[in-house]
>>> print(open('protein.txt').read())   # compact mmCIF, C-alpha atoms and all ligand atoms
# COMPACT_ATOMS: atom_id res chain seq x y z
CA MET A 803 -71.88 56.32 -94.37
CA ARG A 804 -73.26 53.53 -92.25
CA ARG A 805 -73.50 51.34 -95.34
CA VAL A 806 -69.89 52.07 -96.22
CA LEU A 807 -68.84 51.12 -92.72
CA ALA A 808 -70.81 47.91 -92.90
CA ALA A 809 -69.18 47.08 -96.21
CA LEU A 810 -65.79 47.87 -94.76
CA ALA A 811 -66.52 45.67 -91.77
CA CYS A 812 -67.43 42.83 -94.14
CA LEU A 813 -64.13 43.29 -95.90
CA LEU A 814 -62.11 43.60 -92.73
CA LEU A 815 -63.63 40.85 -90.62
CA PRO A 816 -62.27 37.85 -92.52
CA ALA A 817 -58.91 39.56 -92.68
CA ALA A 818 -59.00 40.23 -88.96
CA ALA A 819 -59.86 36.60 -88.28
CA SER A 820 -56.89 35.27 -90.26
CA ALA A 821 -54.59 37.85 -88.69
CA ALA A 822 -55.42 36.73 -85.15
CA PRO A 823 -52.69 35.05 -83.17
CA ALA A 824 -52.70 31.27 -83.42
CA VAL A 825 -50.71 29.94 -80.49
CA THR A 826 -49.77 26.34 -79.89
CA ALA A 827 -47.69 24.88 -77.09
CA GLN A 828 -44.91 22.30 -77.26
CA GLY A 829 -42.99 20.34 -74.67
CA GLY A 830 -44.59 21.65 -71.48
CA TRP A 831 -43.03 20.30 -68.26
CA PHE A 832 -42.69 20.92 -64.54
CA ARG A 833 -39.75 20.35 -62.26
CA TYR A 834 -41.51 19.11 -59.13
CA LEU A 835 -39.60 18.56 -55.90
CA LEU A 836 -41.84 18.62 -52.83
CA PRO A 837 -45.40 19.82 -52.11
CA GLN A 838 -44.10 22.68 -49.93
CA ILE A 839 -41.73 23.94 -52.59
CA PRO A 840 -42.89 25.83 -55.68
CA ALA A 841 -42.45 23.97 -58.95
CA GLY A 842 -41.05 25.64 -62.07
CA GLY A 843 -42.97 25.14 -65.31
CA PHE A 844 -41.51 25.45 -68.79
CA VAL A 845 -43.01 25.36 -72.26
CA THR A 846 -42.39 26.57 -75.81
CA LEU A 847 -45.12 28.67 -77.41
CA THR A 848 -45.40 29.04 -81.16
CA ASN A 849 -47.53 31.67 -82.83
CA ALA A 850 -48.50 30.81 -86.40
CA GLY A 851 -50.67 33.91 -86.77
CA ASP A 852 -49.94 37.27 -88.36
CA THR A 853 -50.45 39.14 -85.08
CA ALA A 854 -48.30 39.05 -81.97
CA ALA A 855 -49.92 37.18 -79.09
CA VAL A 856 -49.73 38.57 -75.58
CA LEU A 857 -49.66 36.07 -72.74
CA THR A 858 -50.97 37.65 -69.54
CA GLY A 859 -51.23 34.81 -67.09
CA ALA A 860 -51.34 31.13 -66.26
CA SER A 861 -53.39 29.01 -63.91
CA SER A 862 -53.59 25.38 -62.98
CA PRO A 863 -55.65 23.35 -60.54
CA ALA A 864 -52.34 21.61 -59.75
CA CYS A 865 -50.68 24.83 -58.63
CA GLY A 866 -52.88 26.68 -56.19
CA SER A 867 -51.76 29.87 -57.82
CA ALA A 868 -49.45 30.24 -60.78
CA MET A 869 -47.42 33.23 -61.90
CA LEU A 870 -45.27 34.30 -64.80
CA HIS A 871 -41.74 34.81 -63.53
CA ARG A 872 -38.27 35.41 -64.81
CA SER A 873 -35.04 34.45 -63.09
CA LEU A 874 -32.44 37.15 -63.36
CA ASN A 875 -28.88 37.49 -62.34
CA ARG A 876 -27.75 41.04 -61.71
CA SER A 877 -24.27 41.69 -60.42
CA GLY A 878 -24.04 38.16 -59.09
CA MET A 879 -27.43 38.23 -57.38
CA ASP A 880 -29.98 35.62 -58.31
CA MET A 881 -33.52 36.88 -58.12
CA MET A 882 -36.92 36.38 -59.65
CA ILE A 883 -39.22 39.05 -60.95
CA ASP A 884 -42.91 39.01 -61.74
CA VAL A 885 -43.66 39.33 -65.43
CA ASN A 886 -46.88 41.11 -66.40
CA SER A 887 -47.02 39.88 -69.96
CA ILE A 888 -45.01 38.00 -72.53
CA THR A 889 -45.24 38.69 -76.25
CA ILE A 890 -45.02 35.85 -78.71
CA PRO A 891 -44.22 37.52 -82.04
CA ALA A 892 -46.21 36.81 -85.19
CA HIS A 893 -44.76 33.68 -86.83
CA GLY A 894 -42.42 33.41 -83.88
CA THR A 895 -41.77 31.35 -80.78
CA PHE A 896 -41.20 32.02 -77.12
CA ARG A 897 -39.37 29.61 -74.86
CA PHE A 898 -39.75 29.29 -71.10
CA ALA A 899 -36.51 27.69 -69.88
CA PRO A 900 -34.71 26.88 -66.62
CA GLY A 901 -32.73 29.86 -65.37
CA ASP A 902 -34.92 32.23 -67.36
CA TYR A 903 -38.67 32.63 -67.85
CA HIS A 904 -40.76 30.12 -65.92
CA ILE A 905 -44.27 29.51 -64.73
CA MET A 906 -44.13 29.58 -60.97
CA CYS A 907 -46.44 26.95 -59.54
CA MET A 908 -46.85 28.04 -55.94
CA LYS A 909 -48.44 25.07 -54.19
CA PRO A 910 -47.85 22.11 -56.43
CA ARG A 911 -50.10 19.07 -56.15
CA MET A 912 -48.76 16.74 -58.76
CA THR A 913 -47.06 13.40 -59.26
CA VAL A 914 -43.87 12.71 -61.15
CA GLY A 915 -44.61 10.70 -64.29
CA THR A 916 -48.08 12.15 -64.79
CA THR A 917 -49.20 15.38 -66.44
CA ALA A 918 -50.76 18.51 -65.00
CA ASP A 919 -52.93 20.86 -67.05
CA VAL A 920 -51.94 24.50 -67.27
CA THR A 921 -54.25 27.11 -68.76
CA LEU A 922 -52.54 30.03 -70.46
CA ARG A 923 -54.45 33.31 -70.75
CA PHE A 924 -53.88 35.71 -73.62
CA ARG A 925 -54.94 39.29 -74.05
CA ASN A 926 -55.91 38.73 -77.67
CA ALA A 927 -56.43 35.01 -78.13
CA PRO A 928 -58.52 32.28 -76.54
CA ASP A 929 -57.27 30.46 -73.44
CA LEU A 930 -55.00 27.55 -74.15
CA THR A 931 -54.94 24.52 -71.86
CA VAL A 932 -51.75 22.52 -72.12
CA PRO A 933 -50.69 19.27 -70.42
CA PHE A 934 -47.31 19.66 -68.69
CA THR A 935 -45.33 16.49 -68.04
CA VAL A 936 -44.20 16.28 -64.42
CA TYR A 937 -40.52 15.49 -63.87
CA GLY A 938 -38.58 15.32 -60.62
CA ALA A 939 -35.33 16.93 -59.50
CA ASP A 940 -33.52 15.76 -62.64
CA GLY A 941 -35.85 17.84 -64.78
CA ARG A 942 -36.66 16.94 -68.34
CA PRO A 943 -34.17 14.55 -69.91
CA THR A 944 -31.95 16.42 -72.36
CA GLY A 945 -32.58 15.90 -76.04
CA GLN A 946 -36.33 16.19 -75.68
CA MET B 967 -36.32 48.77 -49.84
CA SER B 968 -36.50 50.09 -53.38
CA ARG B 969 -34.86 48.09 -56.11
CA GLN B 970 -32.42 50.89 -56.73
CA ALA B 971 -31.42 51.00 -53.13
CA LEU B 972 -31.04 47.26 -53.12
CA ASP B 973 -28.89 47.30 -56.24
CA ARG B 974 -26.71 49.95 -54.70
CA ARG B 975 -26.29 47.82 -51.64
CA THR B 976 -25.50 44.83 -53.80
CA MET B 977 -22.84 46.74 -55.65
CA LEU B 978 -21.40 47.98 -52.39
CA GLY B 979 -21.33 44.44 -51.11
CA LEU B 980 -19.55 43.22 -54.18
CA SER B 981 -17.03 46.00 -54.35
CA GLY B 982 -16.28 45.36 -50.70
CA LEU B 983 -15.03 41.92 -51.61
CA ALA B 984 -11.42 41.11 -52.09
CA LEU B 985 -12.72 39.56 -55.29
CA GLY B 986 -13.11 42.80 -57.28
CA GLY B 987 -11.70 42.66 -60.75
CA LEU B 988 -13.36 43.20 -64.06
CA ALA B 989 -13.27 39.62 -65.26
CA LEU B 990 -15.14 38.48 -62.20
CA ARG B 991 -17.73 41.17 -62.37
CA SER B 992 -18.47 40.54 -66.02
CA ALA B 993 -18.73 36.85 -65.30
CA TRP B 994 -21.37 37.62 -62.74
CA ALA B 995 -23.22 40.17 -64.78
CA ASP B 996 -25.36 37.79 -66.74
CA SER B 997 -27.05 34.49 -66.12
CA ALA B 998 -26.11 33.41 -69.63
CA PRO B 999 -22.39 33.05 -69.06
CA ALA B 1000 -20.89 35.56 -71.45
CA GLY B 1001 -17.73 35.75 -69.36
CA PRO B 1002 -15.48 32.89 -68.42
CA ALA B 1003 -17.22 29.81 -67.03
CA ILE B 1004 -14.50 29.38 -64.42
CA VAL B 1005 -12.76 32.25 -62.66
CA PRO B 1006 -9.58 31.28 -60.77
CA LEU B 1007 -9.73 32.46 -57.18
CA GLU B 1008 -6.56 31.27 -55.54
CA GLY B 1009 -5.36 33.86 -53.10
CA HIS B 1010 -8.52 35.93 -53.50
CA LEU B 1011 -10.93 34.11 -51.23
CA PRO B 1012 -10.19 32.71 -47.76
CA PRO B 1013 -10.01 28.95 -47.34
CA LEU B 1014 -13.10 26.95 -46.50
CA ALA B 1015 -14.21 27.45 -42.91
CA PHE B 1016 -17.66 27.38 -41.37
CA ARG B 1017 -19.69 25.96 -38.53
CA MET B 1018 -23.27 24.92 -39.17
CA GLU B 1019 -25.72 22.10 -38.66
CA ASP B 1020 -25.49 19.18 -41.07
CA VAL B 1021 -29.20 18.62 -41.72
CA GLU B 1022 -28.61 14.93 -42.39
CA THR B 1023 -27.46 14.25 -38.84
CA GLY B 1024 -28.74 17.34 -37.05
CA ARG B 1025 -25.25 17.78 -35.60
CA PRO B 1026 -22.79 20.64 -35.94
CA VAL B 1027 -20.27 20.29 -38.69
CA THR B 1028 -17.23 22.30 -39.75
CA GLU B 1029 -14.90 22.39 -42.72
CA ALA B 1030 -12.96 19.55 -41.07
CA ALA B 1031 -15.64 17.15 -42.30
CA PHE B 1032 -14.75 18.04 -45.90
CA ARG B 1033 -10.96 17.91 -45.56
CA GLY B 1034 -9.49 15.68 -48.27
CA HIS B 1035 -12.42 16.31 -50.61
CA PRO B 1036 -13.00 18.87 -53.32
CA VAL B 1037 -16.01 20.94 -52.23
CA ILE B 1038 -18.62 22.88 -54.17
CA LEU B 1039 -20.21 25.51 -51.94
CA TYR B 1040 -23.50 27.12 -52.91
CA PHE B 1041 -25.90 29.39 -51.04
CA GLY B 1042 -29.57 28.96 -51.90
CA PHE B 1043 -33.00 28.16 -50.49
CA THR B 1044 -35.59 25.48 -51.06
CA ARG B 1045 -38.42 27.81 -52.11
CA CYS B 1046 -36.26 28.90 -55.06
CA PRO B 1047 -37.98 26.94 -57.81
CA ASP B 1048 -35.72 27.63 -60.74
CA THR B 1049 -32.05 28.49 -60.39
CA CYS B 1050 -31.41 26.55 -57.16
CA PRO B 1051 -32.66 23.21 -58.47
CA LEU B 1052 -30.91 23.93 -61.75
CA THR B 1053 -27.64 24.36 -59.86
CA MET B 1054 -28.24 21.23 -57.80
CA GLN B 1055 -29.13 19.28 -60.93
CA ASN B 1056 -25.87 20.45 -62.49
CA ALA B 1057 -24.08 19.19 -59.38
CA ALA B 1058 -25.78 15.80 -59.72
CA LYS B 1059 -24.73 15.60 -63.36
CA LEU B 1060 -21.20 16.57 -62.39
CA VAL B 1061 -20.99 13.71 -59.90
CA THR B 1062 -22.02 11.31 -62.66
CA LEU B 1063 -19.55 12.84 -65.08
CA LEU B 1064 -16.74 12.43 -62.56
CA GLY B 1065 -17.29 8.66 -62.61
CA LYS B 1066 -15.18 6.90 -59.99
CA ASP B 1067 -14.09 10.29 -58.63
CA GLY B 1068 -17.71 11.36 -58.17
CA PRO B 1069 -18.14 9.98 -54.63
CA ASP B 1070 -15.10 12.03 -53.53
CA LEU B 1071 -16.82 15.33 -54.31
CA ARG B 1072 -18.74 17.20 -51.61
CA VAL B 1073 -21.62 19.46 -52.64
CA ALA B 1074 -22.65 21.78 -49.82
CA PHE B 1075 -25.95 23.62 -50.10
CA VAL B 1076 -26.17 26.39 -47.50
CA THR B 1077 -29.68 27.70 -46.91
CA ILE B 1078 -30.17 31.43 -46.58
CA ASP B 1079 -33.87 31.03 -45.72
CA LEU B 1080 -33.78 30.06 -42.07
CA ALA B 1081 -37.46 30.91 -41.57
CA TYR B 1082 -38.67 28.28 -44.02
CA ASP B 1083 -35.84 25.78 -44.37
CA THR B 1084 -36.13 23.63 -41.30
CA GLN B 1085 -33.71 20.78 -40.84
CA ALA B 1086 -36.31 18.28 -42.07
CA ARG B 1087 -37.26 20.33 -45.12
CA LEU B 1088 -33.70 20.99 -46.23
CA LYS B 1089 -32.82 17.35 -45.71
CA ALA B 1090 -35.72 16.23 -47.91
CA TYR B 1091 -34.78 18.80 -50.53
CA VAL B 1092 -31.10 17.90 -50.76
CA ALA B 1093 -31.98 14.20 -50.89
CA LYS B 1094 -33.84 14.88 -54.16
CA PHE B 1095 -30.52 15.55 -55.85
CA GLY B 1096 -28.10 13.14 -54.22
CA LYS B 1097 -27.15 11.14 -51.18
CA PRO B 1098 -24.97 12.09 -48.26
CA PRO B 1099 -22.07 12.39 -47.79
CA VAL B 1100 -21.66 13.74 -51.34
CA PHE B 1101 -24.65 16.07 -51.01
CA THR B 1102 -24.84 17.96 -47.74
CA GLY B 1103 -27.42 20.49 -46.58
CA LEU B 1104 -26.05 23.07 -44.16
CA ARG B 1105 -28.15 25.23 -41.88
CA GLY B 1106 -26.56 27.77 -39.61
CA THR B 1107 -27.84 29.90 -36.80
CA PRO B 1108 -28.36 33.47 -38.02
CA ALA B 1109 -24.90 34.32 -36.66
CA GLU B 1110 -23.27 31.30 -38.32
CA LEU B 1111 -24.90 32.07 -41.64
CA LYS B 1112 -23.87 35.69 -41.41
CA ALA B 1113 -20.29 34.72 -40.68
CA ALA B 1114 -20.12 32.33 -43.63
CA ALA B 1115 -21.74 34.84 -45.98
CA LYS B 1116 -19.26 37.47 -44.92
CA ARG B 1117 -16.29 35.18 -45.29
CA PHE B 1118 -17.27 34.16 -48.82
CA GLY B 1119 -18.59 37.50 -50.01
CA VAL B 1120 -22.12 36.23 -50.36
CA TYR B 1121 -25.06 38.60 -50.15
CA TYR B 1122 -28.49 37.36 -49.18
CA ARG B 1123 -31.76 38.88 -48.25
CA ALA B 1124 -34.61 36.80 -46.92
CA PRO B 1125 -36.81 39.28 -45.05
CA THR B 1126 -39.87 37.08 -45.08
CA GLY B 1127 -41.62 34.85 -42.68
CA PRO B 1128 -43.10 31.55 -43.82
CA ASP B 1129 -46.50 33.15 -44.42
CA SER B 1130 -45.51 36.31 -46.27
CA PRO B 1131 -47.19 36.77 -49.62
CA ASP B 1132 -45.02 35.72 -52.55
CA PRO B 1133 -41.90 35.47 -50.42
CA GLU B 1134 -40.00 33.66 -53.13
CA SER B 1135 -39.52 36.61 -55.40
CA ALA B 1136 -38.45 38.78 -52.47
CA ILE B 1137 -35.61 36.47 -51.55
CA ARG B 1138 -32.36 37.27 -53.25
CA HIS B 1139 -29.00 35.65 -52.94
CA SER B 1140 -25.63 35.65 -54.57
CA SER B 1141 -25.37 33.04 -57.28
CA ALA B 1142 -21.69 32.56 -56.46
CA THR B 1143 -20.75 28.88 -56.54
CA TYR B 1144 -17.26 28.18 -55.25
CA LEU B 1145 -14.90 25.28 -55.70
CA PHE B 1146 -12.51 24.49 -52.85
CA GLY B 1147 -9.68 21.99 -53.14
CA PRO B 1148 -9.19 18.96 -50.88
CA ASP B 1149 -6.82 21.11 -48.80
CA GLY B 1150 -9.59 23.68 -48.22
CA ARG B 1151 -8.08 26.34 -50.43
CA ALA B 1152 -10.41 28.34 -52.68
CA VAL B 1153 -9.81 27.22 -56.26
CA ALA B 1154 -12.38 28.94 -58.44
CA LEU B 1155 -15.65 30.72 -58.83
CA LEU B 1156 -17.80 28.45 -61.01
CA ALA B 1157 -19.51 31.34 -62.73
CA SER B 1158 -21.61 29.30 -65.14
CA PHE B 1159 -22.56 26.58 -62.66
CA PRO B 1160 -25.90 28.13 -61.58
CA THR B 1161 -27.02 28.47 -65.21
CA SER B 1162 -28.34 26.23 -67.96
CA ARG B 1163 -24.87 26.15 -69.57
CA PRO B 1164 -22.65 24.96 -66.75
CA ASP B 1165 -19.70 23.62 -68.83
CA LEU B 1166 -19.49 20.53 -66.64
CA PRO B 1167 -16.53 18.91 -68.49
CA ALA B 1168 -14.35 21.93 -67.66
CA VAL B 1169 -15.47 21.83 -64.01
CA ALA B 1170 -14.80 18.08 -63.84
CA ALA B 1171 -11.31 18.59 -65.31
CA LEU B 1172 -10.56 21.28 -62.73
CA ILE B 1173 -11.78 19.08 -59.88
CA ARG B 1174 -9.55 16.22 -61.05
CA LYS B 1175 -6.62 18.62 -61.16
CA THR B 1176 -7.19 19.68 -57.55
CA MET B 1177 -7.39 16.01 -56.54
CA ASP B 1178 -4.11 15.16 -58.29
CA ARG B 1179 -2.33 17.96 -56.58
CA SER B 1180 -3.26 17.00 -53.08
CU CU A 1201 -40.34 32.08 -59.93
>>> encode(input="protein.txt", output="structure tokens")
Amino acid sequence: MRRVLAALACLLLPAAASAAPAVTAQGGWFRYLLPQIPAGGFVTLTNAGDTAAVLTGASSPACGSAMLHRSLNRSGMDMMIDVNSITIPAHGTFRFAPGDYHIMCMKPRMTVGTTADVTLRFRNAPDLTVPFTVYGADGRPTGQ
Amino acid sequence: MSRQALDRRTMLGLSGLALGGLALRSAWADSAPAGPAIVPLEGHLPPLAFRMEDVETGRPVTEAAFRGHPVILYFGFTRCPDTCPLTMQNAAKLVTLLGKDGPDLRVAFVTIDLAYDTQARLKAYVAKFGKPPVFTGLRGTPAELKAAAKRFGVYYRAPTGPDSPDPESAIRHSSATYLFGPDGRAVALLASFPTSRPDLPAVAALIRKTMDRS
């Protein structure tokens, strides 16, 4: 039995490796206003793997603490909620965008025109560190 | 307060408005503007009136300062990192889109977060988006803010002190953005203005119309 299991494991392991999520990040950016005001971070995540990836958190030395948030409007009330995890489907994308999902950078220490590294933590994939371009009040120019 | 209780209170607040009406409610229901981008308000909201501190000068200001100008009125707070700057950025784009009429517009940002938004902080924040007199930060006493919120059917909840943990996500406020004409009359609820699809050309056209009429 043990030998059968070992053989099975040999068969399954390469398959499991290719089925793992393979997440890349595109177009990361912050809207930075003032040091005392949280900055919103946005990025597009693409998963080229055969398995859904589950994002569970973000951190950045430029943020103090960082959180996954979503802006919601319910019955005319604007609010933000904490998001525990975000699923990036297999062969799919997930977009953080103004007015919607954002990375909440609580105590921003950054400079417009530079980049700030953000590390994204996944439940089932290695950490991913992504440079976010820092923009000011105008946000990212449209068309990018 | 539980979320359910809060939602109930929100609904009560909304239904208490003279604004009722299905079109309006559906326009408010979603941040992606499924309903109309602009909801006409004439006769359904009282004319512009308030008394607060203009954070630029530190002096009291009333609606008289805006007479003769179309006014966009928005209630927000500086610690709001997403929808508030999005709305203010839309306002800045609108001013550009209005061209030579841009400097005639007045964009009034009323803070609902009196604990955190000092005069200096709100002034620095508003300056990120545009210069006075087009962009104005308004800060009331608790009583002044309450009066304005009541008059314009705006709900807000900012129960936190400056040091509370994660105060940002506990602060809630109506997203209602109103357009008033140069004569102070309420023209429209700009339902899509605090979103990523603000339909600025339609808002600009409406503003020009209110300017022609006065
Ligand atoms: Cu947030």
>>> residues_near_point(input="protein.txt", point="(-42.2, 23.8, -50.1)", cutoff="9 Å", atoms="only C-alpha atoms", output="short mmCIF file (atom, residue, chain, number, x, y, z; two decimals) with C-alpha atoms, in the coordinates of the input")
data_model
loop_
_atom_site.label_atom_id
_atom_site.label_comp_id
_atom_site.auth_asym_id
_atom_site.auth_seq_id
_atom_site.Cartn_x
_atom_site.Cartn_y
_atom_site.Cartn_z
CA LEU A 835 -39.60 18.56 -55.90
CA LEU A 836 -41.84 18.62 -52.83
CA PRO A 837 -45.40 19.82 -52.11
CA GLN A 838 -44.10 22.68 -49.93
CA ILE A 839 -41.73 23.94 -52.59
CA PRO A 840 -42.89 25.83 -55.68
CA ALA A 841 -42.45 23.97 -58.95
CA MET A 908 -46.85 28.04 -55.94
CA LYS A 909 -48.44 25.07 -54.19
CA PRO A 910 -47.85 22.11 -56.43
CA THR B 1044 -35.59 25.48 -51.06
CA ARG B 1045 -38.42 27.81 -52.11
CA TYR B 1082 -38.67 28.28 -44.02
CA ASP B 1083 -35.84 25.78 -44.37
CA ARG B 1087 -37.26 20.33 -45.12
CA TYR B 1091 -34.78 18.80 -50.53
#
>>> residues_around(input="protein.txt", residues="A:Asp902", least_positions_apart="6", cutoff="12 Å", atoms="only C-alpha atoms", output="PyMOL selection string")
(chain A and resi 842-845+870-875+880-885+896) or (chain B and resi 996-998+1047-1049+1052+1160-1163)
>>> write_last_selection(input="protein.txt", atoms="C-alpha atoms", output="PDB file, in the frame of the given file")
ATOM      1  CA  GLY A 842     -41.050  25.640 -62.070  1.00  0.00           C
ATOM      2  CA  GLY A 843     -42.970  25.140 -65.310  1.00  0.00           C
ATOM      3  CA  PHE A 844     -41.510  25.450 -68.790  1.00  0.00           C
ATOM      4  CA  VAL A 845     -43.010  25.360 -72.260  1.00  0.00           C
ATOM      5  CA  LEU A 870     -45.270  34.300 -64.800  1.00  0.00           C
ATOM      6  CA  HIS A 871     -41.740  34.810 -63.530  1.00  0.00           C
ATOM      7  CA  ARG A 872     -38.270  35.410 -64.810  1.00  0.00           C
ATOM      8  CA  SER A 873     -35.040  34.450 -63.090  1.00  0.00           C
ATOM      9  CA  LEU A 874     -32.440  37.150 -63.360  1.00  0.00           C
ATOM     10  CA  ASN A 875     -28.880  37.490 -62.340  1.00  0.00           C
ATOM     11  CA  ASP A 880     -29.980  35.620 -58.310  1.00  0.00           C
ATOM     12  CA  MET A 881     -33.520  36.880 -58.120  1.00  0.00           C
ATOM     13  CA  MET A 882     -36.920  36.380 -59.650  1.00  0.00           C
ATOM     14  CA  ILE A 883     -39.220  39.050 -60.950  1.00  0.00           C
ATOM     15  CA  ASP A 884     -42.910  39.010 -61.740  1.00  0.00           C
ATOM     16  CA  VAL A 885     -43.660  39.330 -65.430  1.00  0.00           C
ATOM     17  CA  PHE A 896     -41.200  32.020 -77.120  1.00  0.00           C
TER      18      PHE A 896
ATOM     19  CA  ASP B 996     -25.360  37.790 -66.740  1.00  0.00           C
ATOM     20  CA  SER B 997     -27.050  34.490 -66.120  1.00  0.00           C
ATOM     21  CA  ALA B 998     -26.110  33.410 -69.630  1.00  0.00           C
ATOM     22  CA  PRO B1047     -37.980  26.940 -57.810  1.00  0.00           C
ATOM     23  CA  ASP B1048     -35.720  27.630 -60.740  1.00  0.00           C
ATOM     24  CA  THR B1049     -32.050  28.490 -60.390  1.00  0.00           C
ATOM     25  CA  LEU B1052     -30.910  23.930 -61.750  1.00  0.00           C
ATOM     26  CA  PRO B1160     -25.900  28.130 -61.580  1.00  0.00           C
ATOM     27  CA  THR B1161     -27.020  28.470 -65.210  1.00  0.00           C
ATOM     28  CA  SER B1162     -28.340  26.230 -67.960  1.00  0.00           C
ATOM     29  CA  ARG B1163     -24.870  26.150 -69.570  1.00  0.00           C
TER      30      ARG B1163
END
>>> closest_residue(input="protein.txt", among="A:Ile890, A:Leu857, A:Met869, A:Val914", to="ligand CU 1201 (chain A)", atoms="all atoms listed in the file")
A:Met869
>>> atom_distance(input="protein.txt", atom1="atom CA of A:Arg833", atom2="atom CA of A:Asp940")
7.7 Å
>>> closest_residue(input="protein.txt", among="B:Thr1028, B:Val1092, B:Cys1046, B:Ile1137", to="ligand CU 1201 (chain A)", atoms="all atoms listed in the file")
B:Cys1046
>>> residues_near_point(input="protein.txt", point="(-14.0, 14.8, -54.8)", cutoff="6 Å", atoms="only C-alpha atoms", output="list in words")
His1035, Pro1036, Asp1067, Asp1070 and Leu1071 of chain B
>>> atom_distance(input="protein.txt", atom1="atom CA of B:Val1073", atom2="atom CA of B:Met1054")
8.6 Å
>>> atom_distance(input="protein.txt", atom1="atom CA of B:Lys1175", atom2="atom CA of B:Leu1155")
15.3 Å
>>> closest_residue(input="protein.txt", among="A:Leu922, A:Ala868, A:Ala860, A:Ala824", to="ligand CU 1201 (chain A)", atoms="all atoms listed in the file")
A:Ala868
>>> residues_around(input="protein.txt", residues="B:Met1018", least_positions_apart="6", cutoff="9 Å", atoms="only C-alpha atoms", output="number ranges by chain")
B: 1025-1028, 1076, 1104-1107, 1110-1111
>>> closest_residue(input="protein.txt", among="B:Val1153, B:Phe1032, B:Arg1138, B:Ile1173", to="ligand CU 1201 (chain A)", atoms="only C-alpha atoms and all ligand atoms")
B:Arg1138
>>> closest_residue(input="protein.txt", among="B:Pro1051, B:Pro1164, B:Pro1108, B:Gly1147", to="chain A", atoms="all atoms listed in the file")
B:Pro1051
>>> closest_residue(input="protein.txt", among="B:Leu1156, B:Leu1064, B:Ala1086, B:Ala1074", to="B:Thr1023", atoms="only C-alpha atoms")
B:Ala1086
>>> decode(input="protein.txt", residues="stretch 915-928 of chain A", atoms="N, CA and C atoms", output="PDB file, in the first residue's frame")
ATOM      1  N   GLY A 915       5.901  60.198  -7.517  1.00  0.00           N
ATOM      2  CA  GLY A 915       6.899  60.070  -8.577  1.00  0.00           C
ATOM      3  C   GLY A 915       7.866  58.915  -8.339  1.00  0.00           C
ATOM      4  N   THR A 916       7.816  58.338  -7.142  1.00  0.00           N
ATOM      5  CA  THR A 916       8.668  57.185  -6.868  1.00  0.00           C
ATOM      6  C   THR A 916       7.782  55.936  -6.826  1.00  0.00           C
ATOM      7  N   THR A 917       8.347  54.821  -6.405  1.00  0.00           N
ATOM      8  CA  THR A 917       7.536  53.622  -6.216  1.00  0.00           C
ATOM      9  C   THR A 917       7.668  53.153  -4.773  1.00  0.00           C
ATOM     10  N   ALA A 918       6.677  52.409  -4.343  1.00  0.00           N
ATOM     11  CA  ALA A 918       6.698  51.807  -3.007  1.00  0.00           C
ATOM     12  C   ALA A 918       6.379  50.323  -3.177  1.00  0.00           C
ATOM     13  N   ASP A 919       7.171  49.478  -2.515  1.00  0.00           N
ATOM     14  CA  ASP A 919       6.955  48.035  -2.643  1.00  0.00           C
ATOM     15  C   ASP A 919       5.805  47.566  -1.754  1.00  0.00           C
ATOM     16  N   VAL A 920       4.962  46.739  -2.309  1.00  0.00           N
ATOM     17  CA  VAL A 920       3.880  46.121  -1.556  1.00  0.00           C
ATOM     18  C   VAL A 920       4.030  44.612  -1.677  1.00  0.00           C
ATOM     19  N   THR A 921       3.983  43.922  -0.535  1.00  0.00           N
ATOM     20  CA  THR A 921       4.051  42.465  -0.567  1.00  0.00           C
ATOM     21  C   THR A 921       2.651  41.882  -0.382  1.00  0.00           C
ATOM     22  N   LEU A 922       2.255  41.057  -1.315  1.00  0.00           N
ATOM     23  CA  LEU A 922       0.938  40.422  -1.282  1.00  0.00           C
ATOM     24  C   LEU A 922       1.107  38.994  -0.782  1.00  0.00           C
ATOM     25  N   ARG A 923       0.269  38.634   0.201  1.00  0.00           N
ATOM     26  CA  ARG A 923       0.339  37.294   0.787  1.00  0.00           C
ATOM     27  C   ARG A 923      -0.822  36.444   0.280  1.00  0.00           C
ATOM     28  N   PHE A 924      -0.502  35.223  -0.099  1.00  0.00           N
ATOM     29  CA  PHE A 924      -1.523  34.307  -0.609  1.00  0.00           C
ATOM     30  C   PHE A 924      -1.623  33.095   0.290  1.00  0.00           C
ATOM     31  N   ARG A 925      -2.792  32.506   0.346  1.00  0.00           N
ATOM     32  CA  ARG A 925      -2.969  31.296   1.137  1.00  0.00           C
ATOM     33  C   ARG A 925      -2.251  30.128   0.479  1.00  0.00           C
ATOM     34  N   ASN A 926      -2.193  30.132  -0.855  1.00  0.00           N
ATOM     35  CA  ASN A 926      -1.727  28.944  -1.563  1.00  0.00           C
ATOM     36  C   ASN A 926      -0.709  29.270  -2.647  1.00  0.00           C
ATOM     37  N   ALA A 927       0.009  30.360  -2.452  1.00  0.00           N
ATOM     38  CA  ALA A 927       1.054  30.720  -3.416  1.00  0.00           C
ATOM     39  C   ALA A 927       2.098  31.544  -2.680  1.00  0.00           C
ATOM     40  N   PRO A 928       3.299  31.611  -3.231  1.00  0.00           N
ATOM     41  CA  PRO A 928       4.343  32.392  -2.543  1.00  0.00           C
ATOM     42  C   PRO A 928       3.992  33.878  -2.497  1.00  0.00           C
TER      43      PRO A 928
END
